[in-house]
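Raw work_9.cif, mmCIF, C-alpha atoms:
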```cif
data_target
loop_
_atom_site.group_PDB
_atom_site.id
_atom_site.type_symbol
_atom_site.label_atom_id
_atom_site.label_comp_id
_atom_site.auth_asym_id
_atom_site.auth_seq_id
_atom_site.Cartn_x
_atom_site.Cartn_y
_atom_site.Cartn_z
ATOM 1 C CA MET A 298 -37.391 15.664 8.647
ATOM 2 C CA GLN A 299 -37.569 11.868 8.501
ATOM 3 C CA GLY A 300 -37.241 12.014 4.711
ATOM 4 C CA LEU A 301 -34.162 14.220 5.032
ATOM 5 C CA ARG A 302 -32.576 11.801 7.505
ATOM 6 C CA LEU A 303 -33.271 8.900 5.161
ATOM 7 C CA TYR A 304 -31.714 10.834 2.281
ATOM 8 C CA VAL A 305 -28.596 11.702 4.286
ATOM 9 C CA THR A 306 -28.259 8.101 5.503
ATOM 10 C CA THR A 307 -28.563 6.809 1.945
ATOM 11 C CA VAL A 308 -25.932 9.243 0.682
ATOM 12 C CA LEU A 309 -23.522 8.349 3.484
ATOM 13 C CA CYS A 310 -24.040 4.628 2.885
ATOM 14 C CA THR A 311 -23.435 5.077 -0.834
ATOM 15 C CA LEU A 312 -20.229 7.004 -0.195
ATOM 16 C CA ALA A 313 -19.031 4.418 2.337
ATOM 17 C CA CYS A 314 -19.769 1.550 -0.024
ATOM 18 C CA ALA A 315 -17.992 3.341 -2.857
ATOM 19 C CA ALA A 316 -14.965 3.871 -0.633
ATOM 20 C CA LEU A 317 -14.894 0.192 0.246
ATOM 21 C CA ILE A 318 -15.107 -0.797 -3.406
ATOM 22 C CA GLU A 319 -12.353 1.657 -4.286
ATOM 23 C CA ALA A 320 -10.202 0.322 -1.415
ATOM 24 C CA ALA A 321 -10.643 -3.327 -2.394
ATOM 25 C CA PRO A 322 -7.472 -4.848 -3.846
ATOM 26 C CA LYS A 323 -7.256 -5.220 -7.603
ATOM 27 C CA ILE A 324 -5.432 -7.759 -9.708
ATOM 28 C CA GLY A 325 -2.416 -6.316 -11.483
ATOM 29 C CA THR A 326 -1.862 -3.554 -8.937
ATOM 30 C CA PRO A 327 0.476 -3.396 -5.935
ATOM 31 C CA ALA A 328 -0.791 -5.577 -3.112
ATOM 32 C CA PRO A 329 -1.764 -3.517 -0.051
ATOM 33 C CA ASP A 330 1.126 -3.317 2.382
ATOM 34 C CA PHE A 331 0.523 -4.262 5.996
ATOM 35 C CA THR A 332 2.266 -4.934 9.270
ATOM 36 C CA ALA A 333 1.027 -7.600 11.688
ATOM 37 C CA MET A 334 2.276 -9.693 14.579
ATOM 38 C CA ASP A 335 2.532 -13.438 14.241
ATOM 39 C CA SER A 336 1.639 -16.115 16.773
ATOM 40 C CA GLN A 337 5.098 -15.871 18.350
ATOM 41 C CA GLY A 338 5.121 -12.094 18.679
ATOM 42 C CA VAL A 339 7.266 -11.423 15.618
ATOM 43 C CA GLN A 340 6.303 -8.495 13.396
ATOM 44 C CA HIS A 341 5.830 -9.073 9.668
ATOM 45 C CA SER A 342 5.385 -6.505 6.903
ATOM 46 C CA LEU A 343 4.565 -7.380 3.328
ATOM 47 C CA ALA A 344 7.382 -5.072 2.249
ATOM 48 C CA ASP A 345 9.828 -7.389 4.018
ATOM 49 C CA TYR A 346 9.098 -10.051 1.399
ATOM 50 C CA ARG A 347 9.654 -8.001 -1.745
ATOM 51 C CA GLY A 348 11.476 -10.229 -4.205
ATOM 52 C CA LYS A 349 9.579 -13.316 -3.051
ATOM 53 C CA ILE A 350 6.216 -14.780 -3.980
ATOM 54 C CA VAL A 351 3.796 -14.471 -1.065
ATOM 55 C CA ILE A 352 0.609 -16.442 -0.419
ATOM 56 C CA LEU A 353 -1.974 -15.143 2.047
ATOM 57 C CA GLU A 354 -4.416 -17.703 3.448
ATOM 58 C CA TRP A 355 -7.339 -16.531 5.567
ATOM 59 C CA THR A 356 -8.184 -19.307 7.992
ATOM 60 C CA ASN A 357 -10.548 -20.296 10.821
ATOM 61 C CA HIS A 358 -9.938 -23.737 12.318
ATOM 62 C CA GLN A 359 -13.595 -24.070 13.377
ATOM 63 C CA CYS A 360 -14.915 -23.543 9.853
ATOM 64 C CA PRO A 361 -15.900 -26.825 8.132
ATOM 65 C CA PHE A 362 -14.751 -25.514 4.755
ATOM 66 C CA VAL A 363 -11.285 -24.936 6.197
ATOM 67 C CA GLY A 364 -11.569 -28.314 7.894
ATOM 68 C CA LYS A 365 -12.040 -30.025 4.532
ATOM 69 C CA HIS A 366 -8.688 -28.792 3.303
ATOM 70 C CA TYR A 367 -6.815 -29.553 6.510
ATOM 71 C CA ASN A 368 -8.500 -32.873 7.362
ATOM 72 C CA THR A 369 -7.499 -34.245 3.960
ATOM 73 C CA GLY A 370 -3.985 -32.811 4.075
ATOM 74 C CA ASN A 371 -4.761 -30.694 1.020
ATOM 75 C CA MET A 372 -3.746 -27.385 2.590
ATOM 76 C CA GLN A 373 -0.645 -28.847 4.213
ATOM 77 C CA ALA A 374 0.503 -30.371 0.920
ATOM 78 C CA LEU A 375 0.169 -27.023 -0.843
ATOM 79 C CA GLN A 376 1.981 -25.241 1.986
ATOM 80 C CA GLN A 377 4.853 -27.719 1.768
ATOM 81 C CA TYR A 378 5.033 -27.408 -2.008
ATOM 82 C CA ALA A 379 5.016 -23.610 -1.815
ATOM 83 C CA THR A 380 7.467 -23.101 1.031
ATOM 84 C CA GLY A 381 9.730 -25.788 -0.426
ATOM 85 C CA ALA A 382 9.937 -23.643 -3.556
ATOM 86 C CA GLY A 383 10.909 -20.559 -1.550
ATOM 87 C CA VAL A 384 7.419 -19.048 -1.391
ATOM 88 C CA THR A 385 6.402 -17.162 1.768
ATOM 89 C CA TRP A 386 3.110 -18.520 3.137
ATOM 90 C CA LEU A 387 1.284 -16.365 5.673
ATOM 91 C CA SER A 388 -1.834 -17.799 7.299
ATOM 92 C CA VAL A 389 -4.022 -14.969 8.619
ATOM 93 C CA ILE A 390 -6.569 -15.264 11.425
ATOM 94 C CA SER A 391 -8.934 -12.271 11.436
ATOM 95 C CA SER A 392 -11.529 -13.655 13.861
ATOM 96 C CA ALA A 393 -12.356 -11.085 16.530
ATOM 97 C CA PRO A 394 -12.111 -12.015 20.228
ATOM 98 C CA GLY A 395 -15.121 -14.050 21.312
ATOM 99 C CA THR A 396 -15.980 -15.183 17.787
ATOM 100 C CA GLN A 397 -15.562 -18.476 15.959
ATOM 101 C CA GLY A 398 -11.945 -19.160 15.093
ATOM 102 C CA TYR A 399 -10.342 -16.665 17.469
ATOM 103 C CA VAL A 400 -7.138 -18.005 19.016
ATOM 104 C CA SER A 401 -4.233 -16.756 21.080
ATOM 105 C CA GLY A 402 -0.672 -17.071 19.859
ATOM 106 C CA PRO A 403 0.029 -20.313 21.759
ATOM 107 C CA GLU A 404 -3.270 -21.770 20.554
ATOM 108 C CA ALA A 405 -2.378 -20.912 16.964
ATOM 109 C CA ASP A 406 1.001 -22.612 17.365
ATOM 110 C CA ALA A 407 -0.661 -25.697 18.846
ATOM 111 C CA LEU A 408 -3.008 -25.871 15.867
ATOM 112 C CA THR A 409 -0.098 -25.605 13.460
ATOM 113 C CA ALA A 410 1.635 -28.478 15.247
ATOM 114 C CA THR A 411 -1.358 -30.791 15.576
ATOM 115 C CA ARG A 412 -2.405 -30.261 11.961
ATOM 116 C CA GLN A 413 1.197 -30.632 10.770
ATOM 117 C CA ALA A 414 0.777 -27.398 8.862
ATOM 118 C CA SER A 415 3.809 -25.573 7.553
ATOM 119 C CA PRO A 416 3.102 -21.896 6.881
ATOM 120 C CA THR A 417 5.974 -19.458 7.102
ATOM 121 C CA ALA A 418 4.050 -17.733 9.898
ATOM 122 C CA VAL A 419 0.546 -17.386 11.331
ATOM 123 C CA LEU A 420 -0.516 -13.753 11.538
ATOM 124 C CA LEU A 421 -2.987 -12.691 14.225
ATOM 125 C CA ASP A 422 -5.393 -9.998 13.047
ATOM 126 C CA PRO A 423 -8.073 -9.806 15.785
ATOM 127 C CA GLN A 424 -9.031 -6.233 14.867
ATOM 128 C CA GLY A 425 -9.510 -7.278 11.247
ATOM 129 C CA VAL A 426 -7.177 -4.591 9.904
ATOM 130 C CA VAL A 427 -5.390 -6.817 7.399
ATOM 131 C CA GLY A 428 -8.567 -8.699 6.536
ATOM 132 C CA ARG A 429 -10.465 -5.553 5.635
ATOM 133 C CA LEU A 430 -7.458 -4.184 3.765
ATOM 134 C CA TYR A 431 -7.668 -7.221 1.474
ATOM 135 C CA ASP A 432 -11.458 -7.457 1.537
ATOM 136 C CA ALA A 433 -11.097 -11.026 2.825
ATOM 137 C CA ARG A 434 -14.618 -12.428 3.021
ATOM 138 C CA THR A 435 -14.381 -16.142 3.663
ATOM 139 C CA THR A 436 -12.245 -18.816 5.214
ATOM 140 C CA PRO A 437 -10.398 -19.870 3.262
ATOM 141 C CA HIS A 438 -9.810 -16.835 1.057
ATOM 142 C CA MET A 439 -6.554 -17.011 -0.889
ATOM 143 C CA TYR A 440 -4.255 -14.385 -2.396
ATOM 144 C CA ILE A 441 -0.999 -14.648 -4.338
ATOM 145 C CA ILE A 442 1.438 -11.751 -4.601
ATOM 146 C CA ASP A 443 4.308 -12.039 -7.056
ATOM 147 C CA ALA A 444 7.940 -11.119 -6.437
ATOM 148 C CA THR A 445 7.364 -7.527 -7.598
ATOM 149 C CA GLY A 446 4.646 -7.031 -4.970
ATOM 150 C CA THR A 447 1.807 -7.242 -7.485
ATOM 151 C CA LEU A 448 -1.428 -9.011 -6.618
ATOM 152 C CA VAL A 449 -1.860 -11.757 -9.226
ATOM 153 C CA TYR A 450 -4.513 -14.053 -7.729
ATOM 154 C CA MET A 451 -7.407 -13.777 -5.302
ATOM 155 C CA GLY A 452 -10.300 -16.090 -4.666
ATOM 156 C CA GLY A 453 -11.124 -19.626 -3.668
ATOM 157 C CA MET A 454 -8.905 -22.588 -2.985
ATOM 158 C CA ASP A 455 -10.603 -24.642 -5.694
ATOM 159 C CA ASP A 456 -13.746 -25.101 -7.771
ATOM 160 C CA LYS A 457 -15.641 -27.381 -5.348
ATOM 161 C CA PRO A 458 -17.488 -25.124 -2.870
ATOM 162 C CA SER A 459 -18.397 -27.874 -0.424
ATOM 163 C CA THR A 460 -17.398 -29.306 2.932
ATOM 164 C CA GLN A 461 -17.090 -32.826 1.533
ATOM 165 C CA ASN A 462 -13.601 -34.260 1.940
ATOM 166 C CA ALA A 463 -13.999 -36.429 -1.144
ATOM 167 C CA ASP A 464 -14.363 -33.346 -3.361
ATOM 168 C CA VAL A 465 -10.709 -32.447 -2.855
ATOM 169 C CA LYS A 466 -9.638 -35.303 -5.142
ATOM 170 C CA THR A 467 -11.649 -34.102 -8.138
ATOM 171 C CA ALA A 468 -11.291 -30.356 -7.631
ATOM 172 C CA THR A 469 -9.216 -27.978 -9.704
ATOM 173 C CA ASN A 470 -6.883 -26.375 -7.180
ATOM 174 C CA TYR A 471 -6.875 -22.774 -8.360
ATOM 175 C CA VAL A 472 -4.105 -21.752 -5.990
ATOM 176 C CA ARG A 473 -1.700 -24.473 -7.083
ATOM 177 C CA VAL A 474 -2.371 -23.748 -10.750
ATOM 178 C CA ALA A 475 -1.866 -20.014 -10.251
ATOM 179 C CA LEU A 476 1.289 -20.559 -8.234
ATOM 180 C CA GLU A 477 2.787 -22.803 -10.902
ATOM 181 C CA GLU A 478 1.978 -20.195 -13.547
ATOM 182 C CA VAL A 479 3.595 -17.419 -11.506
ATOM 183 C CA ARG A 480 6.701 -19.509 -10.890
ATOM 184 C CA SER A 481 6.924 -20.180 -14.629
ATOM 185 C CA ALA A 482 6.603 -16.445 -15.405
ATOM 186 C CA LYS A 483 3.276 -17.052 -17.139
ATOM 187 C CA PRO A 484 0.128 -14.922 -16.787
ATOM 188 C CA VAL A 485 -2.314 -16.367 -14.271
ATOM 189 C CA SER A 486 -5.082 -17.956 -16.324
ATOM 190 C CA SER A 487 -7.780 -17.453 -13.666
ATOM 191 C CA PRO A 488 -6.649 -14.471 -11.590
ATOM 192 C CA VAL A 489 -10.006 -13.983 -9.845
ATOM 193 C CA THR A 490 -12.241 -16.815 -8.673
ATOM 194 C CA ARG A 491 -15.154 -17.027 -6.278
ATOM 195 C CA PRO A 492 -14.081 -17.561 -2.682
ATOM 196 C CA TYR A 493 -16.220 -19.915 -0.627
ATOM 197 C CA GLY A 494 -16.364 -20.872 3.012
ATOM 198 C CA CYS A 495 -17.413 -19.370 6.337
ATOM 199 C CA ALA A 496 -17.682 -15.597 6.556
ATOM 200 C CA VAL A 497 -14.681 -13.987 8.208
ATOM 201 C CA LYS A 498 -15.739 -13.255 11.813
ATOM 202 C CA TYR A 499 -14.804 -9.573 12.081
#
```
Using structure tokens, write down the structure from this file.
Amino acid sequence: MQGLRLYVTTVLCTLACAALIEAAPKIGTPAPDFTAMDSQGVQHSLADYRGKIVILEWTNHQCPFVGKHYNTGNMQALQQYATGAGVTWLSVISSAPGTQGYVSGPEADALTATRQASPTAVLLDPQGVVGRLYDARTTPHMYIIDATGTLVYMGGMDDKPSTQNADVKTATNYVRVALEEVRSAKPVSSPVTRPYGCAVKY
């Protein structure tokens, strides 16, 4: 009986894992649509932004890897560059209540103000629905969706997986490079890179 239970458990796990792999977003395919509320109670759907480039940034203000990019102004500079070019930037917080990085709407707005960040909106995803839909694993974890709704980049912010502020200066910023390529109607040269940071606190 114990052997049968182990067999059934293994089969179920295998099927569940396969489903997750199948559900994970893929480069060159339509980005998964979603609807989520932002920090000010406004509803956003990815479909609302068809015709625009969209960047999704998974974030957790208590994560030192996120801190590196905000403490140096690196993330803010990229946000300003992107939104100034008409790109929609959605920061997503998927931390569950009671976990590292969880914030209320007013707390999220206060963070945006104190860090002088400039996303289009901050989406609150405490149940992790959007995060799991995109298989977001770390903070930061970055995604770029082109104007046709196709996922064209997913991965890390850059090629320096550290918490050292000084590394920002010498890093290759994958997101900026990919965004410039998309805006120039060029194929993204590195469409998938390794994300690094703190695990998303589902």
Which residues are close to A:Ile390, i.e. within 12 Å by only C-alpha atoms, leaving aside same-chain residues fewer than 3 positions away? Reply as a PDB file with C-alpha atoms, in the frame of the given file.
```
ATOM      1  CA  ALA A 333       1.027  -7.600  11.688  1.00  0.00           C
ATOM      2  CA  MET A 334       2.276  -9.693  14.579  1.00  0.00           C
ATOM      3  CA  ASP A 335       2.532 -13.438  14.241  1.00  0.00           C
ATOM      4  CA  SER A 336       1.639 -16.115  16.773  1.00  0.00           C
ATOM      5  CA  LEU A 353      -1.974 -15.143   2.047  1.00  0.00           C
ATOM      6  CA  GLU A 354      -4.416 -17.703   3.448  1.00  0.00           C
ATOM      7  CA  TRP A 355      -7.339 -16.531   5.567  1.00  0.00           C
ATOM      8  CA  THR A 356      -8.184 -19.307   7.992  1.00  0.00           C
ATOM      9  CA  ASN A 357     -10.548 -20.296  10.821  1.00  0.00           C
ATOM     10  CA  HIS A 358      -9.938 -23.737  12.318  1.00  0.00           C
ATOM     11  CA  GLN A 359     -13.595 -24.070  13.377  1.00  0.00           C
ATOM     12  CA  CYS A 360     -14.915 -23.543   9.853  1.00  0.00           C
ATOM     13  CA  VAL A 363     -11.285 -24.936   6.197  1.00  0.00           C
ATOM     14  CA  LEU A 387       1.284 -16.365   5.673  1.00  0.00           C
ATOM     15  CA  ALA A 393     -12.356 -11.085  16.530  1.00  0.00           C
ATOM     16  CA  PRO A 394     -12.111 -12.015  20.228  1.00  0.00           C
ATOM     17  CA  THR A 396     -15.980 -15.183  17.787  1.00  0.00           C
ATOM     18  CA  GLN A 397     -15.562 -18.476  15.959  1.00  0.00           C
ATOM     19  CA  GLY A 398     -11.945 -19.160  15.093  1.00  0.00           C
ATOM     20  CA  TYR A 399     -10.342 -16.665  17.469  1.00  0.00           C
ATOM     21  CA  VAL A 400      -7.138 -18.005  19.016  1.00  0.00           C
ATOM     22  CA  SER A 401      -4.233 -16.756  21.080  1.00  0.00           C
ATOM     23  CA  GLY A 402      -0.672 -17.071  19.859  1.00  0.00           C
ATOM     24  CA  GLU A 404      -3.270 -21.770  20.554  1.00  0.00           C
ATOM     25  CA  ALA A 405      -2.378 -20.912  16.964  1.00  0.00           C
ATOM     26  CA  ALA A 418       4.050 -17.733   9.898  1.00  0.00           C
ATOM     27  CA  VAL A 419       0.546 -17.386  11.331  1.00  0.00           C
ATOM     28  CA  LEU A 420      -0.516 -13.753  11.538  1.00  0.00           C
ATOM     29  CA  LEU A 421      -2.987 -12.691  14.225  1.00  0.00           C
ATOM     30  CA  ASP A 422      -5.393  -9.998  13.047  1.00  0.00           C
ATOM     31  CA  PRO A 423      -8.073  -9.806  15.785  1.00  0.00           C
ATOM     32  CA  GLN A 424      -9.031  -6.233  14.867  1.00  0.00           C
ATOM     33  CA  GLY A 425      -9.510  -7.278  11.247  1.00  0.00           C
ATOM     34  CA  VAL A 426      -7.177  -4.591   9.904  1.00  0.00           C
ATOM     35  CA  VAL A 427      -5.390  -6.817   7.399  1.00  0.00           C
ATOM     36  CA  GLY A 428      -8.567  -8.699   6.536  1.00  0.00           C
ATOM     37  CA  ARG A 429     -10.465  -5.553   5.635  1.00  0.00           C
ATOM     38  CA  ALA A 433     -11.097 -11.026   2.825  1.00  0.00           C
ATOM     39  CA  ARG A 434     -14.618 -12.428   3.021  1.00  0.00           C
ATOM     40  CA  THR A 435     -14.381 -16.142   3.663  1.00  0.00           C
ATOM     41  CA  THR A 436     -12.245 -18.816   5.214  1.00  0.00           C
ATOM     42  CA  PRO A 437     -10.398 -19.870   3.262  1.00  0.00           C
ATOM     43  CA  HIS A 438      -9.810 -16.835   1.057  1.00  0.00           C
ATOM     44  CA  VAL A 497     -14.681 -13.987   8.208  1.00  0.00           C
ATOM     45  CA  LYS A 498     -15.739 -13.255  11.813  1.00  0.00           C
ATOM     46  CA  TYR A 499     -14.804  -9.573  12.081  1.00  0.00           C
TER      47      TYR A 499
END
```
Inset, instruction - Please measure the separation of atom CA of A:Thr385 and atom CA of A:Pro488, giving the value in Å to one decimal. - result: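 Computed distance, atom CA of A:Thr385 to atom CA of A:Pro488, equals 18.9 Å.
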Inset, instruction - Please measure the separation of atom CA of A:Pro416 and atom CA of A:Ser391, giving the value in Å to one decimal. - result: 16.1 Å
Name all residues at most 12 Å from A:Arg473 (count only C-alpha atoms; drop same-chain ones fewer than 4 positions away) and give them as an mmCIF file with C-alpha atoms, in the coordinates of the input.
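The file below, part19.cif, is the result:
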```cif
data_model
loop_
_atom_site.group_PDB
_atom_site.id
_atom_site.type_symbol
_atom_site.label_atom_id
_atom_site.label_comp_id
_atom_site.auth_asym_id
_atom_site.auth_seq_id
_atom_site.Cartn_x
_atom_site.Cartn_y
_atom_site.Cartn_z
ATOM 1 C CA ILE A 352 0.609 -16.442 -0.419
ATOM 2 C CA ASN A 371 -4.761 -30.694 1.020
ATOM 3 C CA MET A 372 -3.746 -27.385 2.590
ATOM 4 C CA ALA A 374 0.503 -30.371 0.920
ATOM 5 C CA LEU A 375 0.169 -27.023 -0.843
ATOM 6 C CA GLN A 376 1.981 -25.241 1.986
ATOM 7 C CA GLN A 377 4.853 -27.719 1.768
ATOM 8 C CA TYR A 378 5.033 -27.408 -2.008
ATOM 9 C CA ALA A 379 5.016 -23.610 -1.815
ATOM 10 C CA MET A 439 -6.554 -17.011 -0.889
ATOM 11 C CA TYR A 440 -4.255 -14.385 -2.396
ATOM 12 C CA ILE A 441 -0.999 -14.648 -4.338
ATOM 13 C CA TYR A 450 -4.513 -14.053 -7.729
ATOM 14 C CA GLY A 453 -11.124 -19.626 -3.668
ATOM 15 C CA MET A 454 -8.905 -22.588 -2.985
ATOM 16 C CA ASP A 455 -10.603 -24.642 -5.694
ATOM 17 C CA ALA A 468 -11.291 -30.356 -7.631
ATOM 18 C CA THR A 469 -9.216 -27.978 -9.704
ATOM 19 C CA GLU A 477 2.787 -22.803 -10.902
ATOM 20 C CA GLU A 478 1.978 -20.195 -13.547
ATOM 21 C CA VAL A 479 3.595 -17.419 -11.506
ATOM 22 C CA ARG A 480 6.701 -19.509 -10.890
ATOM 23 C CA VAL A 485 -2.314 -16.367 -14.271
ATOM 24 C CA SER A 486 -5.082 -17.956 -16.324
ATOM 25 C CA SER A 487 -7.780 -17.453 -13.666
#
```
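Taking atom CA of A:Ile350 and atom CA of A:Ala482 as the two end points, the separation is 11.6 Å.
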Inset, instruction - Pick out the closest residue to A:Leu343 from this set: A:Pro403, A:Gly364, A:Gly395, A:Gly446. Count all atoms listed in the file. - result: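 Answer, going by the shortest atom-to-atom distance: A:Gly446.
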Inset, instruction - Anything within 12 Å of (-11.6, -33.4, -4.1): list those residues as number ranges by chain, counting all atoms listed in the file and sticking to the file's coordinates. - result: A: 365-366, 368-372, 454-470
Box for stretch 450-468 of chain A - axis-aligned, 8 Å on each of the six sides, all listed atoms - centre and size in Å to one decimal, as AutoDock Vina command-line options.
```
--center_x -11.5 --center_y -25.1 --center_z -2.6 --size_x 29.9 --size_y 38.7 --size_z 27.1
```
Inset, instruction - Tell me which of A:Gly452, A:Pro322, A:Pro329, A:Gly381 sits closest to A:Arg491, counting all atoms listed in the file. - result: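 Result for the nearest residue to A:Arg491: A:Gly452.
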Inset, instruction - Could you check which of A:Gly383, A:Pro484, A:Gly348, A:Gly338 is closest to A:Asp406, using all atoms listed in the file? - result: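 The answer is A:Gly338, which sits nearest to A:Asp406.
Among the candidate residues A:Ala407, A:Ala414, A:Met451, A:Val339, the one lying nearest to A:Tyr431 is A:Met451, with distances computed using only C-alpha atoms.
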